[in-house]
>>> print(open('data_35.txt').read())   # compact mmCIF, C-alpha atoms
# COMPACT_ATOMS: atom_id res chain seq x y z
CA MET A 20 3.02 -109.09 94.08
CA THR A 21 6.04 -106.76 93.96
CA GLU A 22 8.60 -107.45 96.67
CA LEU A 23 9.10 -104.50 99.00
CA ARG A 24 12.70 -104.17 100.11
CA VAL A 25 13.84 -101.88 102.90
CA LEU A 26 17.03 -101.36 104.86
CA GLY A 27 17.60 -100.32 108.46
CA VAL A 28 21.04 -98.86 109.15
CA ASP A 29 22.86 -98.13 112.41
CA ALA A 30 26.36 -96.93 113.18
CA CYS A 31 28.70 -99.51 114.68
CA LYS A 32 32.38 -99.85 115.60
CA ASP A 33 33.35 -101.08 112.12
CA GLY A 34 31.30 -98.47 110.27
CA TRP A 35 27.66 -99.26 109.55
CA VAL A 36 25.53 -102.35 110.12
CA ALA A 37 22.27 -102.91 108.25
CA ILE A 38 19.30 -105.25 108.40
CA GLU A 39 17.42 -105.82 105.15
CA LEU A 40 13.76 -106.80 105.06
CA HIS A 41 11.79 -108.20 102.12
CA ASN A 42 8.04 -107.83 102.61
CA GLU A 43 8.58 -107.22 106.35
CA LEU A 44 10.68 -110.38 106.86
CA PHE A 45 14.42 -110.63 107.57
CA ALA A 46 16.36 -111.16 104.33
CA ARG A 47 20.02 -110.50 105.13
CA ALA A 48 22.45 -108.40 107.15
CA HIS A 49 25.24 -106.14 105.90
CA ILE A 50 28.26 -104.34 107.30
CA ALA A 51 30.39 -101.73 105.55
CA PRO A 52 33.06 -99.18 106.52
CA ASN A 53 31.17 -96.23 105.03
CA LEU A 54 27.61 -95.33 104.12
CA THR A 55 28.24 -94.72 100.42
CA ALA A 56 29.69 -98.20 99.96
CA LEU A 57 26.82 -99.78 101.91
CA LEU A 58 24.05 -98.07 99.96
CA ALA A 59 25.77 -98.46 96.60
CA GLU A 60 25.50 -102.22 97.10
CA ARG A 61 21.78 -101.98 97.94
CA GLU A 62 20.44 -99.80 95.14
CA ASP A 63 17.46 -102.14 94.85
CA VAL A 64 15.99 -101.27 98.25
CA ASP A 65 13.00 -98.93 98.25
CA VAL A 66 13.55 -97.09 101.55
CA VAL A 67 16.48 -96.75 103.94
CA GLY A 68 15.87 -95.98 107.61
CA LEU A 69 19.05 -94.41 109.00
CA ASP A 70 19.84 -93.93 112.68
CA MET A 71 21.83 -90.71 112.41
CA PRO A 72 20.81 -87.03 112.31
CA LEU A 73 19.95 -86.20 108.71
CA GLY A 74 19.48 -82.51 108.06
CA LEU A 75 20.86 -79.64 110.14
CA THR A 76 19.55 -76.24 111.07
CA GLU A 77 21.56 -73.08 110.53
CA ALA A 78 20.80 -71.52 113.92
CA GLY A 79 18.39 -73.10 116.42
CA TRP A 80 17.92 -76.61 117.77
CA ARG A 81 16.21 -79.21 115.58
CA GLN A 82 12.53 -79.63 116.39
CA ALA A 83 12.84 -83.32 115.45
CA ASP A 84 14.95 -83.98 118.54
CA VAL A 85 12.68 -81.94 120.79
CA ALA A 86 9.55 -83.76 119.58
CA ALA A 87 11.09 -87.24 119.68
CA ALA A 88 12.45 -86.70 123.20
CA ALA A 89 9.02 -85.55 124.39
CA ALA A 90 7.42 -88.67 122.90
CA LEU A 91 9.90 -90.95 124.71
CA GLY A 92 9.15 -89.50 128.15
CA ALA A 93 11.40 -91.20 130.72
CA ALA A 94 13.72 -92.41 127.93
CA ARG A 95 14.12 -88.91 126.50
CA SER A 96 17.86 -88.86 127.30
CA THR A 97 18.43 -91.37 124.47
CA VAL A 98 17.76 -88.55 122.00
CA PHE A 99 20.71 -86.18 121.68
CA ARG A 100 20.07 -82.55 120.85
CA VAL A 101 21.79 -81.85 117.53
CA PRO A 102 23.48 -78.44 117.28
CA PRO A 103 23.29 -76.22 114.18
CA ARG A 104 25.47 -76.85 111.14
CA PRO A 105 28.25 -74.29 111.94
CA VAL A 106 29.01 -76.10 115.22
CA TRP A 107 29.97 -79.30 113.40
CA LEU A 108 32.57 -77.46 111.32
CA GLU A 109 34.70 -76.96 114.43
CA GLU A 110 37.56 -79.43 114.91
CA GLU A 111 37.54 -79.77 118.71
CA TYR A 112 34.76 -80.31 121.23
CA GLU A 113 35.71 -77.28 123.33
CA SER A 114 35.56 -74.90 120.36
CA ALA A 115 32.35 -76.54 119.18
CA VAL A 116 30.70 -75.94 122.56
CA LYS A 117 31.82 -72.30 122.45
CA ARG A 118 30.35 -71.90 118.96
CA CYS A 119 27.15 -73.60 120.06
CA ARG A 120 26.77 -71.20 122.98
CA GLU A 121 27.29 -68.26 120.64
CA ILE A 122 24.51 -69.48 118.34
CA THR A 123 21.99 -71.06 120.73
CA GLY A 124 22.93 -69.82 124.18
CA GLN A 125 23.55 -73.42 125.30
CA GLY A 126 26.20 -76.13 125.05
CA PHE A 127 25.77 -79.76 124.06
CA SER A 128 26.95 -83.18 125.19
CA LYS A 129 30.14 -85.07 124.43
CA GLN A 130 27.93 -88.02 123.47
CA ALA A 131 26.50 -85.94 120.64
CA TRP A 132 29.98 -84.77 119.61
CA ALA A 133 31.05 -88.41 119.35
CA LEU A 134 28.68 -88.68 116.37
CA ARG A 135 30.58 -86.00 114.44
CA THR A 136 32.47 -88.12 111.91
CA LYS A 137 29.47 -90.23 110.94
CA LEU A 138 27.07 -87.27 111.12
CA LEU A 139 29.18 -85.33 108.63
CA GLU A 140 29.45 -88.43 106.44
CA VAL A 141 25.67 -88.84 106.39
CA ASN A 142 24.96 -85.19 105.67
CA ALA A 143 27.47 -85.16 102.81
CA TYR A 144 25.76 -88.16 101.19
CA ARG A 145 24.15 -86.99 97.95
CA ASP A 146 21.62 -89.65 96.95
CA ARG A 147 19.12 -89.00 99.75
CA ASP A 148 15.79 -89.46 97.97
CA ARG A 149 15.14 -92.84 99.59
CA VAL A 150 16.96 -92.21 102.90
CA TYR A 151 15.01 -91.18 106.01
CA GLU A 152 16.20 -90.44 109.54
CA VAL A 153 14.90 -92.78 112.24
CA HIS A 154 15.68 -93.33 115.91
CA PRO A 155 15.59 -96.92 117.24
CA GLU A 156 14.17 -96.03 120.65
CA VAL A 157 11.37 -94.12 118.92
CA SER A 158 10.83 -97.15 116.67
CA PHE A 159 10.68 -99.53 119.63
CA ARG A 160 8.26 -97.17 121.35
CA GLY A 161 6.11 -97.41 118.24
CA ILE A 162 6.14 -101.20 118.46
CA THR A 163 5.32 -101.23 122.19
CA GLN A 164 2.82 -98.36 121.85
CA GLY A 165 4.58 -96.50 124.64
CA LEU A 166 5.41 -99.26 127.14
CA PRO A 167 8.81 -98.72 128.85
CA LEU A 168 11.86 -100.85 128.09
CA ALA A 169 14.99 -101.69 130.05
CA PRO A 170 18.21 -99.99 128.85
CA LYS A 171 19.34 -101.47 125.55
CA LYS A 172 22.80 -102.53 126.72
CA THR A 173 21.41 -104.73 129.49
CA TRP A 174 20.50 -108.40 128.98
CA GLN A 175 16.88 -107.67 129.86
CA GLY A 176 16.75 -104.74 127.45
CA GLN A 177 18.20 -106.73 124.57
CA MET A 178 15.90 -109.68 125.13
CA GLN A 179 12.90 -107.35 125.31
CA ARG A 180 13.87 -105.75 122.03
CA ARG A 181 14.50 -109.07 120.29
CA ASP A 182 11.10 -110.34 121.46
CA LEU A 183 9.44 -107.16 120.21
CA LEU A 184 11.03 -107.62 116.79
CA LEU A 185 9.87 -111.22 116.69
CA GLY A 186 6.39 -110.00 117.52
CA VAL A 187 6.30 -107.90 114.34
CA GLY A 188 7.77 -110.70 112.24
CA ILE A 189 11.43 -109.68 112.23
CA ALA A 190 13.41 -112.77 113.24
CA VAL A 191 17.08 -111.81 113.29
CA PRO A 192 19.12 -115.05 113.12
CA GLY A 193 22.09 -115.85 115.29
CA ASP A 194 24.44 -116.14 112.32
CA LEU A 195 24.70 -112.82 110.47
CA GLY A 196 27.97 -113.57 108.71
CA ALA A 197 30.38 -110.63 108.73
CA ALA A 198 27.67 -108.37 110.16
CA GLY A 199 27.79 -110.48 113.32
CA ARG A 200 30.89 -108.49 114.31
CA ALA A 201 28.61 -105.60 115.24
CA ALA A 202 27.51 -105.18 118.86
CA PRO A 203 24.13 -106.78 119.73
CA ASP A 204 22.46 -103.44 120.49
CA ASP A 205 23.60 -102.05 117.12
CA VAL A 206 22.09 -105.03 115.29
CA LEU A 207 18.82 -104.68 117.20
CA ASP A 208 18.76 -100.95 116.48
CA ALA A 209 19.30 -101.62 112.76
CA ALA A 210 16.39 -104.06 112.80
CA ALA A 211 14.15 -101.48 114.50
CA ALA A 212 15.24 -98.95 111.88
CA ALA A 213 14.20 -101.45 109.20
CA TRP A 214 10.76 -101.75 110.84
CA SER A 215 10.35 -97.98 110.55
CA ALA A 216 11.66 -98.05 106.97
CA HIS A 217 8.88 -100.48 106.05
CA ARG A 218 6.29 -98.18 107.64
CA ILE A 219 7.69 -95.28 105.63
CA ALA A 220 7.59 -97.31 102.40
CA THR A 221 3.96 -98.31 102.99
CA GLY A 222 2.77 -94.84 104.04
CA HIS A 223 2.08 -95.75 107.67
CA ALA A 224 4.92 -93.81 109.34
CA ILE A 225 4.53 -90.72 111.46
CA SER A 226 7.09 -87.93 111.75
CA TYR A 227 8.53 -85.97 114.66
CA PRO A 228 7.66 -83.14 114.29
CA ASP A 229 4.50 -83.34 112.21
CA PRO A 230 4.78 -81.78 109.69
CA PRO A 231 8.59 -82.03 109.27
CA GLU A 232 10.75 -78.97 109.80
CA GLN A 233 12.28 -77.29 106.76
CA ASP A 234 16.05 -76.86 106.55
CA ALA A 235 17.89 -73.97 104.87
CA ALA A 236 18.48 -76.00 101.70
CA GLY A 237 14.77 -76.66 101.19
CA GLY A 238 14.86 -80.20 102.51
CA THR A 239 13.09 -81.59 105.55
CA ILE A 240 14.25 -82.53 109.04
CA ALA A 241 12.26 -85.20 110.85
CA ILE A 242 12.61 -88.44 112.78
CA TRP A 243 10.29 -91.04 111.25
CA CYS A 244 8.65 -94.00 112.94
>>> encode(input="data_35.txt", output="structure tokens")
Amino acid sequence: MTELRVLGVDACKDGWVAIELHNELFARAHIAPNLTALLAEREDVDVVGLDMPLGLTEAGWRQADVAAAAALGAARSTVFRVPPRPVWLEEEYESAVKRCREITGQGFSKQAWALRTKLLEVNAYRDRDRVYEVHPEVSFRGITQGLPLAPKKTWQGQMQRRDLLLGVGIAVPGDLGAAGRAAPDDVLDAAAAAWSAHRIATGHAISYPDPPEQDAAGGTIAIWC
């Protein structure tokens, strides 16, 4: 039997943290300052589930964010609306909001703007054939089949998420080596991203929207679960 290797990746304070699964089971954890370095070291993985907007529109809002937020219901605020590509070329939040209003008629949140550096890094990454966008809260919703969870930064929320991961066979150990520097919620999010990556690799994932939206470059924009 061929070993199926997948990687779930989430942004963290020190760059990017990743959880690697082999045949659905925890294999190892990684941390790296940039995405290119992280993925260059894991060329043997079949699918990468990445928690960061991958693919931008030229004008309107991404349907992926609209569809994922609708699926999350009460937790919809965990999905940030991602402005069109020209907005991210601005250097300051105030000018970016102005540009966004010119294009869409609406502004966008500072929380979304805080993603700018990593979002631009991800969308400049060239080797994207095996990389898919995921969203941890959408992944956890997939595991719970829609049952609500406590906020992920609370003790209750983190214990709920760890128990859910254990329930699908992903036992994240206490000692992650260098990757243990990452915040607990980032590690749990990376593990959820890995769960979705395995579903993608085995053909069981669903996309938001379905079918995926097309971007101006001919690629697709979707959040996978």
>>> residues_around(input="data_35.txt", residues="Arg104 in chain A", least_positions_apart="2", cutoff="7 Å", atoms="all atoms listed in the file", output="ChimeraX atom specification")
/A:75-77,102,106-107
>>> closest_residue(input="data_35.txt", among="A:Ala30, A:Val98, A:Ala201, A:Leu58", to="Thr136 in chain A", atoms="only C-alpha atoms")
A:Ala30
>>> closest_residue(input="data_35.txt", among="A:Pro105, A:Gly92, A:Gly68, A:Pro52", to="Leu26 in chain A", atoms="only C-alpha atoms")
A:Gly68
>>> residues_around(input="data_35.txt", residues="Ala37 in chain A", least_positions_apart="4", cutoff="10 Å", atoms="all atoms listed in the file", output="list in words")
Leu26, Gly27, Val28, Asp29, Ala30, Cys31, Arg47, Ala48, His49, Ile50, Ala51, Leu57, Leu58, Val67, Gly68, Leu69, Ala198, Ala201, Asp205, Val206, Leu207, Asp208, Ala209, Ala210, Ala212 and Ala213 of chain A
>>> closest_atom_pairs(input="data_35.txt", of="range 31-91 of chain A", to="range 183-188 of chain A", cutoff="9 Å", atoms="only C-alpha atoms", output="CSV")
residue,atom,partner,partner_atom,distance
A:Glu43,CA,A:Gly188,CA,6.9
A:Leu44,CA,A:Gly188,CA,6.1
A:Phe45,CA,A:Gly188,CA,8.1
>>> closest_residue(input="data_35.txt", among="A:Leu91, A:Pro231, A:Arg145, A:Thr123", to="Pro167 in chain A", atoms="all atoms listed in the file")
A:Leu91
>>> residues_around(input="data_35.txt", residues="Glu111 in chain A", least_positions_apart="4", cutoff="12 Å", atoms="only C-alpha atoms", output="list in words")
Val106, Trp107, Ala115, Val116, Lys117, Arg118, Lys129, Trp132, Ala133, Arg135 and Thr136 of chain A
>>> closest_residue(input="data_35.txt", among="A:Phe127, A:Trp35, A:Trp214, A:Phe159", to="Ala56 in chain A", atoms="all atoms listed in the file")
A:Trp35
>>> residues_around(input="data_35.txt", residues="Ser96 in chain A", least_positions_apart="3", cutoff="12 Å", atoms="all atoms listed in the file", output="PyMOL selection string")
chain A and resi 84-85+87-93+99-100+128+130-131+156-157+170
>>> atom_distance(input="data_35.txt", atom1="CA of Arg181 in chain A", atom2="CA of Gly199 in chain A")
15.1 Å
>>> residues_around(input="data_35.txt", residues="Leu73 in chain A", least_positions_apart="4", cutoff="7 Å", atoms="only C-alpha atoms", output="PyMOL selection string")
chain A and resi 141-142+152+240
>>> closest_residue(input="data_35.txt", among="A:Asp229, A:Gln125, A:Leu139, A:Trp80", to="Pro103 in chain A", atoms="only C-alpha atoms")
A:Trp80
>>> closest_residue(input="data_35.txt", among="A:Arg149, A:His154, A:Arg200, A:Arg81", to="Ser215 in chain A", atoms="only C-alpha atoms")
A:His154
>>> atom_distance(input="data_35.txt", atom1="CA of Ala190 in chain A", atom2="CA of Asn42 in chain A")
12.9 Å
>>> atom_distance(input="data_35.txt", atom1="CA of Val101 in chain A", atom2="CA of Ile225 in chain A")
20.3 Å
>>> decode(input="data_35.txt", residues="range 210-224 of chain A", atoms="all heavy atoms", output="CSV table (one decimal), in the first residue's frame")
chain,number,residue,atom,x,y,z
A,210,ALA,N,-3.6,21.2,12.1
A,210,ALA,CA,-4.0,19.8,12.1
A,210,ALA,C,-5.4,19.6,11.4
A,210,ALA,O,-5.6,18.7,10.7
A,210,ALA,CB,-4.1,19.3,13.6
A,211,ALA,N,-6.3,20.6,11.6
A,211,ALA,CA,-7.6,20.6,10.9
A,211,ALA,C,-7.3,20.7,9.4
A,211,ALA,O,-8.0,20.1,8.6
A,211,ALA,CB,-8.5,21.7,11.4
A,212,ALA,N,-6.4,21.6,9.0
A,212,ALA,CA,-6.1,21.8,7.6
A,212,ALA,C,-5.5,20.5,7.0
A,212,ALA,O,-5.8,20.1,5.9
A,212,ALA,CB,-5.0,22.9,7.5
A,213,ALA,N,-4.8,19.7,7.8
A,213,ALA,CA,-4.2,18.4,7.4
A,213,ALA,C,-5.4,17.4,7.1
A,213,ALA,O,-5.3,16.6,6.2
A,213,ALA,CB,-3.2,17.9,8.4
A,214,TRP,N,-6.4,17.5,8.0
A,214,TRP,CA,-7.6,16.6,7.8
A,214,TRP,C,-8.2,16.9,6.5
A,214,TRP,O,-8.6,16.0,5.7
A,214,TRP,CB,-8.5,16.8,9.0
A,214,TRP,CG,-9.8,16.0,8.9
A,214,TRP,CD1,-10.0,14.7,9.2
A,214,TRP,CD2,-11.1,16.5,8.4
A,214,TRP,NE1,-11.3,14.4,9.0
A,214,TRP,CE2,-12.0,15.5,8.5
A,214,TRP,CE3,-11.5,17.8,7.9
A,214,TRP,CZ2,-13.3,15.6,8.1
A,214,TRP,CZ3,-12.9,17.9,7.5
A,214,TRP,CH2,-13.7,16.8,7.6
A,215,SER,N,-8.4,18.2,6.2
A,215,SER,CA,-9.0,18.5,4.9
A,215,SER,C,-8.1,18.1,3.7
A,215,SER,O,-8.6,17.7,2.7
A,215,SER,CB,-9.3,20.0,4.8
A,215,SER,OG,-10.4,20.4,5.6
A,216,ALA,N,-6.8,18.3,3.9
A,216,ALA,CA,-5.8,17.9,2.9
A,216,ALA,C,-6.0,16.4,2.5
A,216,ALA,O,-5.9,16.0,1.4
A,216,ALA,CB,-4.4,18.2,3.3
A,217,HIS,N,-6.2,15.6,3.6
A,217,HIS,CA,-6.3,14.2,3.3
A,217,HIS,C,-7.6,13.9,2.5
A,217,HIS,O,-7.7,13.1,1.6
A,217,HIS,CB,-6.4,13.4,4.6
A,217,HIS,CG,-6.4,11.9,4.4
A,217,HIS,ND1,-7.6,11.2,4.3
A,217,HIS,CD2,-5.4,11.0,4.2
A,217,HIS,CE1,-7.4,9.9,4.1
A,217,HIS,NE2,-6.1,9.8,4.1
A,218,ARG,N,-8.7,14.6,2.9
A,218,ARG,CA,-10.0,14.5,2.1
A,218,ARG,C,-9.8,14.9,0.7
A,218,ARG,O,-10.3,14.3,-0.2
A,218,ARG,CB,-11.0,15.3,2.8
A,218,ARG,CG,-11.6,14.7,4.1
A,218,ARG,CD,-12.5,15.6,4.8
A,218,ARG,NE,-13.6,16.2,4.1
A,218,ARG,CZ,-14.7,15.6,3.9
A,218,ARG,NH1,-14.9,14.3,4.4
A,218,ARG,NH2,-15.7,16.1,3.2
A,219,ILE,N,-9.0,16.0,0.4
A,219,ILE,CA,-8.7,16.4,-0.9
A,219,ILE,C,-8.0,15.3,-1.7
A,219,ILE,O,-8.3,14.9,-2.8
A,219,ILE,CB,-7.9,17.7,-0.9
A,219,ILE,CG1,-8.8,18.8,-0.3
A,219,ILE,CG2,-7.5,18.1,-2.3
A,219,ILE,CD1,-8.0,20.1,0.0
A,220,ALA,N,-7.0,14.8,-1.0
A,220,ALA,CA,-6.1,13.7,-1.7
A,220,ALA,C,-6.9,12.5,-2.0
A,220,ALA,O,-6.5,11.8,-3.0
A,220,ALA,CB,-4.9,13.4,-0.8
A,221,THR,N,-7.9,12.2,-1.2
A,221,THR,CA,-8.7,10.9,-1.4
A,221,THR,C,-9.9,11.2,-2.2
A,221,THR,O,-10.7,10.2,-2.4
A,221,THR,CB,-9.0,10.3,-0.1
A,221,THR,OG1,-9.7,11.2,0.7
A,221,THR,CG2,-7.7,9.8,0.6
A,222,GLY,N,-10.2,12.4,-2.7
A,222,GLY,CA,-11.4,12.7,-3.5
A,222,GLY,C,-12.6,12.8,-2.7
A,222,GLY,O,-13.7,12.8,-3.3
A,223,HIS,N,-12.6,13.1,-1.4
A,223,HIS,CA,-13.8,13.2,-0.6
A,223,HIS,C,-14.1,14.6,-0.2
A,223,HIS,O,-15.1,14.9,0.5
A,223,HIS,CB,-13.6,12.3,0.7
A,223,HIS,CG,-13.6,10.9,0.4
A,223,HIS,ND1,-12.4,10.1,0.4
A,223,HIS,CD2,-14.6,10.0,0.2
A,223,HIS,CE1,-12.6,8.9,0.1
A,223,HIS,NE2,-14.0,8.7,0.0
A,224,ALA,N,-13.3,15.6,-0.6
A,224,ALA,CA,-13.5,17.0,-0.2
A,224,ALA,C,-14.6,17.6,-0.9
A,224,ALA,O,-15.0,17.2,-2.1
A,224,ALA,CB,-12.2,17.7,-0.3
